[in-house]
Amino acid sequence: MDIADTPDWALRYGLAQSPLFERSEMDVSGEHNVLLDGGYGSFALSVSTEHLWSNFRTPADWSWSSNLPHHVTITGREVAVVRWDKGHVETFTLASVERQWEAFYQYLTTDLVKSNQRVIEHMLGIFRSMRSLLTTSGVDDDLSIEAFLALLSRAIGARGSSTIAGALQSEGDLVLRSLAPDRVDRLLGVLQAPNAAGLTAHPALAVRHAGSDIFQEAHFELVRAHGADLFGYSQPAESARVTRGGAHFTPAALARTVVEQTLAHLPNLKSRRVLTVLDPACGSGGFLHEALRTLRRVRYTGQIRLVGRDSSRPAVAMARFVLANALADWSPDGGFEVDVLQTNSLITPLPSADVILMNPPFISWLALTTEQREHMRSVLGSLATGRGDYSMAFVTRALEALSPKGVIGTLLPSSLLALSAASKWRESLLERAEVRFLAALGEYGLFPYAQVQVAVAVLARDTSPDDSRESVAVLVADNDHRATGNALRALRQATVNHDVLPEGVGWRLFQVPVRELRRRPTWRLVPPRAEAAIGRLFDAGDALPAGDLFDIRQGVRTGLNRAFLLSVGQRTALPPREQKWFRPAVTNKALTQGRVVPDRFVFYPYDENGLVIDTEAQLVDELPEYFKAHLAPNRSELLRRLSLRGRTDWWGLSWHRPWMLKAGPRVVSKFFGGAGGFATDLEATHVVVQGYAWLPRWEVPADIKEDEGEPFEDLLDTYAAIMNSSPFQRLLRVFSPYVAGGQFDLSPKFVGHVPLPNIPVLLSDERAGRAVSSLANLARSDDPTVRGTSEVADDLVMQLYGRQVFEHL
């Protein structure tokens with residue numbers, strides 16, 4: 001392998017290669033590329049016989065303009081590294097780099113830029129100045145983006161013969177021509193003059209390699225006021241808010257990975273005469289741009305049809321500009337067609353496409369407007385159950401537009417992999433397409449305006465039997481940008497080499513059988529080692545499914561809470577003889593920090609034989625004030641309850657749950673919750689209204705019944721402490737879906753499968769016995785920060801499970 005060969009560097013490091021500039025742009029010999037990482041390790045690489053670094057500013061300008069930290073030059077014997085903010089060059093022998101490949105790359109990724117004078121800020125300064133210039137000239141601020149793009153076009157100069165550039169710049173050029181020529185020239189001068197650090201921008205490099213970041217920031221600048229600019233203009237530019245709700249332009253590194261994975265699953269790519277690539281929520285064109293770059297790398301020669309749709313006019317203008325410049329760099333022998341329009345993809349029919357790439361708007365149900373909810377229901381139909389996410393509708397609409405044998409690559413909120421409200425939607429995806437790739441990338445860190453937990457899905461339609469897969473490639477990365485970057489590099493290497501790399505620090509790449517996705521209620525992405533560790537736990541008898549240890553029962557259903565649930569004050573206002581008919585209720589609000597602190601009381605006229613108050617006359621006699629204030633005003637609505645069919649007791653609860661009257665301590669939990677959402681009810685005095693009761697199926701071993709204290713209560717307190725611990729929350733993530741707000745669905749059908757330590761058996765071990773005793777004491781603590789959620793408790797819980805279980809979660 002020739003180390004000076006750029007493709008070898010790209011392959012060795014798992015980087016994507018793309019030209020730094022076209023030969024017509026720079027009068028310099030050699031081969032010049034950018035090697036693009038999955039997040040933070042990209043750099044520019046020149047292979048040349050010249051010592052390019054002898055004029056430090058040349059490689060520094062190139063890398064700074066491309067928003068890359070380093071430029072690396074390889075000559076016959078030397079490797080020189082320029083970091084644009086350092087002011088000096090680091091040189092290595094070629095032989096030393098060859099001996100220490102990984103050490104050299106680690107050096108590049110840890111040698112971080114210390115300056116905040118990035119090219120992004122430089123270009124945004126120009127954009128702000130343009131906005132102020134338009135405002136003082138009486139031009140509508142909504143035209144700021146078009147004017148900015150026209151200015152960039154002038155700076156870059158005429159490139160290619162594409163009609164796109166001329167068509168999309170016409171409006172921006174009209175704006176520029178309406179401004180004072182000297183002021184426009186001054187802006188161009190600032191754009192291309194050295195900055196305070198002496199770095200000179202190459203606008204073509206900035207658009208080509210940093211355009212995604214520049215245009216995302218410009219989009220947000222458009223909806224924010226700004227202060228005085230370079231010319232001293234201080235009036236704030238005004239603009240109506242232009243936004244796609246929860247949408248954020250896609251980071252280039254992430255778009256690149258999605259494109260590569262999607263095209264890898266498209267059959268017969270190179271032999272296709274025509275290829276239609278669609279992005280139904282195209283933003284500034286990041287996916288379409290990366291599709292062009294990837295198709296160039298694989299040497300596609302057919303015709304490309306690039307189709308983009310977006311509801312934001314500035315975004316459409318940016319996408320057209322980006323594509324015009326990208327197509328001036330390269331287009332296939334078969335030619336191209338560009339179709340980018342401003343429209344709502346949930347309303348307007350989409351054209352058929354072979355490849356669909358997108359980052360749809362991430363908007364939770366609660367944040368949707370009435371109009372957006374209607375759009376979502378219209379697209380999803382019967383799949384719109386519960387409180388889903390707006391992005392679900394875009395994926396469904398994309399599937400409808402996908403041509404036979406086509407492939408979709410999309411970003412998603414990670415919550416959709418397990419959200420209860422998305423269960424039917426996930427089933428529909430499996431029915432209509434074959435899942436080829438899934439990834440959960442945690443908080444990716446490249447979306448500057450949102451803490452987004454990102455998932456990736458690649459779906460193939462109408463696959464042939466020969467092309468069908470029995471397993472799905474899955475990538476899971478921690479909430480760390482370095483782990484994610486390394487994971488995406490390893491994924492690129494595995495795709496090229498057809499290898500499966502099991503795991504690295506903070507990430508894992510593995511296979512999940514398709515039948516498992518169909519069987520599971522969620523698409524929780526569990527690495528095989530974690531699955532095996534949980535299996536060993538069960539096999540050894542040290543843990544049992546929660547449903548084997550507890551009979552998990554749903555609480556009462558009142559049928560009308562406002563009639564049957566009284567606040568503390570409302571109950572106190574009743575005569576004492578009426579207060580006895582109410583019991584403290586376990587509600588979502590009452591169960592907090594591992595304790596039940598009742599804020600409501602529920603009307604509960606039942607005993608072991610059923611309803612105690614048989615007639616309405618008896619009801620009025622026993623509870624005249626309650627009847628008058630709460631039941632009578634709601635009588636008609638109470639009578640309409642479906643649960644009253646065949647019943648005359650309209651004052652009774654819809655489902656009173658006879659087991660609620662059984663004596664004996666229990667654990668109680670919320671419907672939806674996590675740490676702090678479990679508590680003990682040792683006296684069985686509470687009625688669970690919003691949540692579940694966990695009734696023990698086990699008995700205390702005979703050999704410890706003789707001990708002092710209350711061993712049964714101790715064990716229940718221990719279980720409550722375990723359920724409130726961080727290790728248990730990690731197990732919940734495997735088995736239970738998220739619901740709105742990031743909580744877990746604690747329904748028995750999910751939590752019944754979660755492993756719990758088999759404490760009655762483990763008590764025979766002295767060390768386990770001490771851990772149980774300590775956890776019970778922590779659960780009874782008056783300090784809410786200690787009750788089962790402290791580091792001490794977490795350590796004890798991991799002792800009971802075995803630490804090896806959590807090494808792979």
# chains A, B, ... in the order shown; residues from 1 in each chain; ligands from 1

call {"tool": "select_by_dssp", "arguments": {"residues": "segment 450-654 of chain A", "states": "strand (DSSP E or B)", "output": "MDAnalysis selection string"}}
result
chainID A and resid 453:460 471:477 503:504 507:513 543:545 550:554 557 565:567 582:586 591:592 595:596 600:603 606:607 610:611

call {"tool": "select_by_dssp", "arguments": {"residues": "segment 19-117 of chain A", "states": "helix (DSSP H, G or I)", "output": "MDAnalysis selection string"}}
result
chainID A and resid 52:54 57:65 94:99 101:110

call {"tool": "closest_residue", "arguments": {"among": "A:Asp213, A:Asp37, A:Asp621, A:Asp140", "to": "Thr257 of chain A", "atoms": "only C-alpha atoms"}}
result
A:Asp37

call {"tool": "residues_around", "arguments": {"residues": "Leu644 of chain A", "least_positions_apart": "5", "cutoff": "10 Å", "atoms": "only C-alpha atoms", "output": "list of chain:residue names"}}
result
A:Gly559, A:Leu638, A:Leu639, A:Asp649, A:Trp650, A:Trp651, A:Gly652, A:Leu653, A:Ser654, A:Trp655

call {"tool": "write_last_selection", "arguments": {"atoms": "all heavy atoms", "output": "compact mmCIF listing (two decimals), in the first residue's frame"}}
result
# COMPACT_ATOMS: atom_id res chain seq x y z
N GLY A 559 -63.85 6.45 35.76
CA GLY A 559 -64.80 6.82 34.72
C GLY A 559 -65.05 8.31 34.64
O GLY A 559 -65.49 8.82 33.61
N LEU A 638 -72.08 10.65 34.15
CA LEU A 638 -71.80 9.37 34.78
C LEU A 638 -72.69 8.25 34.24
O LEU A 638 -72.25 7.11 34.07
CB LEU A 638 -71.97 9.48 36.30
CG LEU A 638 -70.89 10.31 37.03
CD1 LEU A 638 -71.31 10.59 38.47
CD2 LEU A 638 -69.56 9.60 37.01
N LEU A 639 -73.91 8.58 33.93
CA LEU A 639 -74.85 7.59 33.39
C LEU A 639 -74.47 7.14 31.98
O LEU A 639 -74.87 6.05 31.56
CB LEU A 639 -76.27 8.16 33.39
CG LEU A 639 -76.98 8.18 34.75
CD1 LEU A 639 -78.24 9.05 34.70
CD2 LEU A 639 -77.34 6.75 35.19
N ASP A 649 -75.88 1.26 39.52
CA ASP A 649 -75.13 2.10 40.47
C ASP A 649 -74.32 3.14 39.72
O ASP A 649 -73.09 3.05 39.63
CB ASP A 649 -74.23 1.23 41.35
CG ASP A 649 -73.23 0.41 40.54
OD1 ASP A 649 -73.61 -0.12 39.47
OD2 ASP A 649 -72.06 0.30 40.95
N TRP A 650 -74.98 4.17 39.25
CA TRP A 650 -74.29 5.20 38.49
C TRP A 650 -73.27 5.97 39.33
O TRP A 650 -72.42 6.67 38.80
CB TRP A 650 -75.30 6.18 37.86
CG TRP A 650 -76.15 6.90 38.87
CD1 TRP A 650 -77.36 6.52 39.34
CD2 TRP A 650 -75.83 8.15 39.51
NE1 TRP A 650 -77.85 7.41 40.26
CE2 TRP A 650 -76.92 8.44 40.37
CE3 TRP A 650 -74.78 9.04 39.45
CZ2 TRP A 650 -76.96 9.59 41.17
CZ3 TRP A 650 -74.82 10.17 40.24
CH2 TRP A 650 -75.90 10.45 41.08
N TRP A 651 -73.34 5.85 40.62
CA TRP A 651 -72.40 6.48 41.54
C TRP A 651 -71.18 5.60 41.83
O TRP A 651 -70.28 5.99 42.57
CB TRP A 651 -73.10 6.81 42.87
CG TRP A 651 -73.69 5.58 43.53
CD1 TRP A 651 -73.10 4.75 44.42
CD2 TRP A 651 -75.00 5.05 43.31
NE1 TRP A 651 -73.93 3.73 44.78
CE2 TRP A 651 -75.13 3.91 44.10
CE3 TRP A 651 -76.09 5.44 42.51
CZ2 TRP A 651 -76.27 3.12 44.14
CZ3 TRP A 651 -77.24 4.67 42.56
CH2 TRP A 651 -77.33 3.53 43.35
N GLY A 652 -71.11 4.43 41.24
CA GLY A 652 -69.98 3.53 41.46
C GLY A 652 -68.85 3.79 40.49
O GLY A 652 -69.03 4.41 39.43
N LEU A 653 -67.66 3.34 40.83
CA LEU A 653 -66.51 3.47 39.94
C LEU A 653 -66.70 2.57 38.72
O LEU A 653 -67.36 1.53 38.80
CB LEU A 653 -65.22 3.09 40.66
CG LEU A 653 -64.89 3.85 41.96
CD1 LEU A 653 -63.56 3.34 42.53
CD2 LEU A 653 -64.83 5.34 41.72
N SER A 654 -66.10 2.92 37.63
CA SER A 654 -66.21 2.07 36.43
C SER A 654 -65.63 0.70 36.71
O SER A 654 -66.23 -0.32 36.37
CB SER A 654 -65.47 2.73 35.26
OG SER A 654 -66.15 3.87 34.81
N TRP A 655 -64.44 0.65 37.30
CA TRP A 655 -63.80 -0.61 37.69
C TRP A 655 -63.16 -0.40 39.06
O TRP A 655 -62.20 0.32 39.19
CB TRP A 655 -62.73 -1.02 36.68
CG TRP A 655 -63.25 -1.16 35.27
CD1 TRP A 655 -63.16 -0.25 34.27
CD2 TRP A 655 -63.94 -2.28 34.73
NE1 TRP A 655 -63.75 -0.72 33.13
CE2 TRP A 655 -64.25 -1.96 33.38
CE3 TRP A 655 -64.35 -3.52 35.24
CZ2 TRP A 655 -64.93 -2.83 32.54
CZ3 TRP A 655 -65.03 -4.39 34.40
CH2 TRP A 655 -65.31 -4.05 33.08

call {"tool": "residues_around", "arguments": {"residues": "Asp85 of chain A", "least_positions_apart": "3", "cutoff": "8 Å", "atoms": "only C-alpha atoms", "output": "PyMOL selection string"}}
result
chain A and resi 60+113-115+197

call {"tool": "residues_around", "arguments": {"residues": "Leu591 of chain A", "least_positions_apart": "3", "cutoff": "8 Å", "atoms": "only C-alpha atoms", "output": "compact mmCIF listing (two decimals) with N, CA, C and O atoms, in the first residue's frame"}}
result
# COMPACT_ATOMS: atom_id res chain seq x y z
N VAL A 586 -53.43 6.93 44.91
CA VAL A 586 -52.13 6.96 44.26
C VAL A 586 -52.35 7.51 42.86
O VAL A 586 -52.98 6.88 42.02
N THR A 587 -51.82 8.73 42.63
CA THR A 587 -51.90 9.37 41.33
C THR A 587 -50.49 9.71 40.85
O THR A 587 -49.52 9.58 41.61
N ASN A 588 -50.37 10.14 39.61
CA ASN A 588 -49.05 10.52 39.09
C ASN A 588 -48.40 11.59 39.95
O ASN A 588 -47.21 11.56 40.23
N GLY A 594 -39.97 8.43 45.11
CA GLY A 594 -40.02 7.17 45.84
C GLY A 594 -40.95 7.16 47.04
O GLY A 594 -40.82 6.29 47.91
N ARG A 595 -41.89 8.09 47.10
CA ARG A 595 -42.86 8.16 48.20
C ARG A 595 -44.25 8.44 47.63
O ARG A 595 -44.39 9.06 46.58
N VAL A 596 -45.27 7.97 48.38
CA VAL A 596 -46.65 8.35 48.07
C VAL A 596 -47.06 9.44 49.04
O VAL A 596 -47.12 9.22 50.25
N VAL A 597 -47.31 10.62 48.49
CA VAL A 597 -47.77 11.75 49.30
C VAL A 597 -49.11 12.17 48.71
O VAL A 597 -49.17 12.98 47.78
N PRO A 598 -50.22 11.60 49.22
CA PRO A 598 -51.52 11.79 48.58
C PRO A 598 -51.95 13.26 48.52
O PRO A 598 -51.83 13.99 49.50
N SER A 669 -46.73 1.89 41.43
CA SER A 669 -45.98 2.65 40.43
C SER A 669 -46.93 3.49 39.59
O SER A 669 -48.15 3.28 39.60
N LYS A 670 -46.36 4.41 38.83
CA LYS A 670 -47.14 5.25 37.93
C LYS A 670 -47.51 4.47 36.67
O LYS A 670 -46.99 3.38 36.41
N GLY A 676 -37.79 7.18 40.82
CA GLY A 676 -38.66 7.91 41.75
C GLY A 676 -40.13 7.60 41.57
O GLY A 676 -40.96 8.06 42.35
N GLY A 677 -40.46 6.84 40.53
CA GLY A 677 -41.86 6.54 40.24
C GLY A 677 -42.37 5.26 40.87
O GLY A 677 -43.46 4.78 40.51
N PHE A 678 -41.61 4.69 41.81
CA PHE A 678 -42.00 3.46 42.51
C PHE A 678 -41.96 3.72 44.01
O PHE A 678 -41.08 4.42 44.50
N ALA A 679 -42.91 3.13 44.75
CA ALA A 679 -42.94 3.30 46.21
C ALA A 679 -43.63 2.09 46.82
O ALA A 679 -44.30 1.30 46.12

call {"tool": "decode", "arguments": {"residues": "segment 470-483 of chain A", "atoms": "all heavy atoms", "output": "mmCIF file, in the first residue's frame"}}
result
data_model
loop_
_atom_site.group_PDB
_atom_site.id
_atom_site.type_symbol
_atom_site.label_atom_id
_atom_site.label_comp_id
_atom_site.auth_asym_id
_atom_site.auth_seq_id
_atom_site.Cartn_x
_atom_site.Cartn_y
_atom_site.Cartn_z
ATOM 1 N N GLU A 470 -31.898 -11.532 6.458
ATOM 2 C CA GLU A 470 -32.448 -12.135 7.671
ATOM 3 C C GLU A 470 -32.137 -11.305 8.905
ATOM 4 O O GLU A 470 -32.720 -11.528 9.961
ATOM 5 C CB GLU A 470 -31.897 -13.551 7.847
ATOM 6 C CG GLU A 470 -32.361 -14.527 6.781
ATOM 7 C CD GLU A 470 -31.869 -15.935 7.049
ATOM 8 O OE1 GLU A 470 -31.101 -16.127 8.032
ATOM 9 O OE2 GLU A 470 -32.233 -16.847 6.284
ATOM 10 N N SER A 471 -31.215 -10.366 8.782
ATOM 11 C CA SER A 471 -30.849 -9.552 9.935
ATOM 12 C C SER A 471 -30.666 -8.101 9.510
ATOM 13 O O SER A 471 -30.486 -7.789 8.330
ATOM 14 C CB SER A 471 -29.564 -10.076 10.594
ATOM 15 O OG SER A 471 -28.495 -10.044 9.684
ATOM 16 N N VAL A 472 -30.698 -7.226 10.489
ATOM 17 C CA VAL A 472 -30.576 -5.796 10.285
ATOM 18 C C VAL A 472 -29.269 -5.334 10.910
ATOM 19 O O VAL A 472 -28.964 -5.693 12.055
ATOM 20 C CB VAL A 472 -31.758 -5.045 10.945
ATOM 21 C CG1 VAL A 472 -31.590 -3.538 10.782
ATOM 22 C CG2 VAL A 472 -33.073 -5.507 10.368
ATOM 23 N N ALA A 473 -28.495 -4.556 10.166
ATOM 24 C CA ALA A 473 -27.280 -3.968 10.732
ATOM 25 C C ALA A 473 -27.679 -2.841 11.680
ATOM 26 O O ALA A 473 -28.510 -1.994 11.341
ATOM 27 C CB ALA A 473 -26.386 -3.425 9.621
ATOM 28 N N VAL A 474 -27.098 -2.849 12.863
ATOM 29 C CA VAL A 474 -27.474 -1.886 13.908
ATOM 30 C C VAL A 474 -26.217 -1.232 14.466
ATOM 31 O O VAL A 474 -25.216 -1.900 14.735
ATOM 32 C CB VAL A 474 -28.255 -2.591 15.047
ATOM 33 C CG1 VAL A 474 -28.456 -1.648 16.226
ATOM 34 C CG2 VAL A 474 -29.601 -3.091 14.537
ATOM 35 N N LEU A 475 -26.298 0.066 14.630
ATOM 36 C CA LEU A 475 -25.210 0.825 15.249
ATOM 37 C C LEU A 475 -25.767 1.585 16.446
ATOM 38 O O LEU A 475 -26.779 2.270 16.330
ATOM 39 C CB LEU A 475 -24.617 1.823 14.246
ATOM 40 C CG LEU A 475 -23.554 2.793 14.781
ATOM 41 C CD1 LEU A 475 -22.298 2.034 15.184
ATOM 42 C CD2 LEU A 475 -23.227 3.853 13.744
ATOM 43 N N VAL A 476 -25.110 1.453 17.571
ATOM 44 C CA VAL A 476 -25.492 2.177 18.784
ATOM 45 C C VAL A 476 -24.270 2.925 19.289
ATOM 46 O O VAL A 476 -23.187 2.336 19.437
ATOM 47 C CB VAL A 476 -26.010 1.228 19.886
ATOM 48 C CG1 VAL A 476 -26.337 2.007 21.154
ATOM 49 C CG2 VAL A 476 -27.241 0.475 19.405
ATOM 50 N N ALA A 477 -24.425 4.231 19.520
ATOM 51 C CA ALA A 477 -23.320 5.050 20.026
ATOM 52 C C ALA A 477 -23.772 5.799 21.269
ATOM 53 O O ALA A 477 -24.948 6.148 21.415
ATOM 54 C CB ALA A 477 -22.838 6.036 18.963
ATOM 55 N N ASP A 478 -22.826 6.036 22.164
ATOM 56 C CA ASP A 478 -23.129 6.771 23.386
ATOM 57 C C ASP A 478 -23.408 8.241 23.084
ATOM 58 O O ASP A 478 -23.165 8.725 21.972
ATOM 59 C CB ASP A 478 -21.948 6.688 24.358
ATOM 60 C CG ASP A 478 -21.776 5.297 24.946
ATOM 61 O OD1 ASP A 478 -22.700 4.481 24.790
ATOM 62 O OD2 ASP A 478 -20.712 5.038 25.529
ATOM 63 N N ASN A 479 -23.885 8.959 24.105
ATOM 64 C CA ASN A 479 -24.135 10.398 23.967
ATOM 65 C C ASN A 479 -22.822 11.175 24.042
ATOM 66 O O ASN A 479 -22.584 11.950 24.950
ATOM 67 C CB ASN A 479 -25.083 10.879 25.071
ATOM 68 C CG ASN A 479 -26.469 10.343 24.878
ATOM 69 O OD1 ASN A 479 -26.798 9.815 23.824
ATOM 70 N ND2 ASN A 479 -27.298 10.473 25.889
ATOM 71 N N ASP A 480 -21.962 10.931 23.063
ATOM 72 C CA ASP A 480 -20.650 11.563 23.054
ATOM 73 C C ASP A 480 -20.226 11.737 21.606
ATOM 74 O O ASP A 480 -20.245 10.789 20.827
ATOM 75 C CB ASP A 480 -19.643 10.690 23.799
ATOM 76 C CG ASP A 480 -18.240 11.277 23.757
ATOM 77 O OD1 ASP A 480 -17.930 12.153 24.589
ATOM 78 O OD2 ASP A 480 -17.467 10.868 22.870
ATOM 79 N N HIS A 481 -19.845 12.969 21.234
ATOM 80 C CA HIS A 481 -19.554 13.216 19.820
ATOM 81 C C HIS A 481 -18.349 12.434 19.337
ATOM 82 O O HIS A 481 -18.279 12.032 18.174
ATOM 83 C CB HIS A 481 -19.360 14.718 19.581
ATOM 84 C CG HIS A 481 -18.081 15.273 20.118
ATOM 85 N ND1 HIS A 481 -17.907 15.536 21.460
ATOM 86 C CD2 HIS A 481 -16.922 15.605 19.500
ATOM 87 C CE1 HIS A 481 -16.690 16.015 21.642
ATOM 88 N NE2 HIS A 481 -16.080 16.070 20.482
ATOM 89 N N ARG A 482 -17.392 12.157 20.215
ATOM 90 C CA ARG A 482 -16.233 11.381 19.792
ATOM 91 C C ARG A 482 -16.619 9.928 19.524
ATOM 92 O O ARG A 482 -16.178 9.326 18.541
ATOM 93 C CB ARG A 482 -15.125 11.463 20.842
ATOM 94 C CG ARG A 482 -14.499 12.834 20.933
ATOM 95 C CD ARG A 482 -13.309 12.849 21.892
ATOM 96 N NE ARG A 482 -12.731 14.178 21.951
ATOM 97 C CZ ARG A 482 -11.833 14.639 21.089
ATOM 98 N NH1 ARG A 482 -11.408 13.865 20.107
ATOM 99 N NH2 ARG A 482 -11.349 15.863 21.193
ATOM 100 N N ALA A 483 -17.445 9.362 20.419
ATOM 101 C CA ALA A 483 -17.905 7.990 20.200
ATOM 102 C C ALA A 483 -18.686 7.891 18.900
ATOM 103 O O ALA A 483 -18.524 6.945 18.118
ATOM 104 C CB ALA A 483 -18.764 7.534 21.379
#
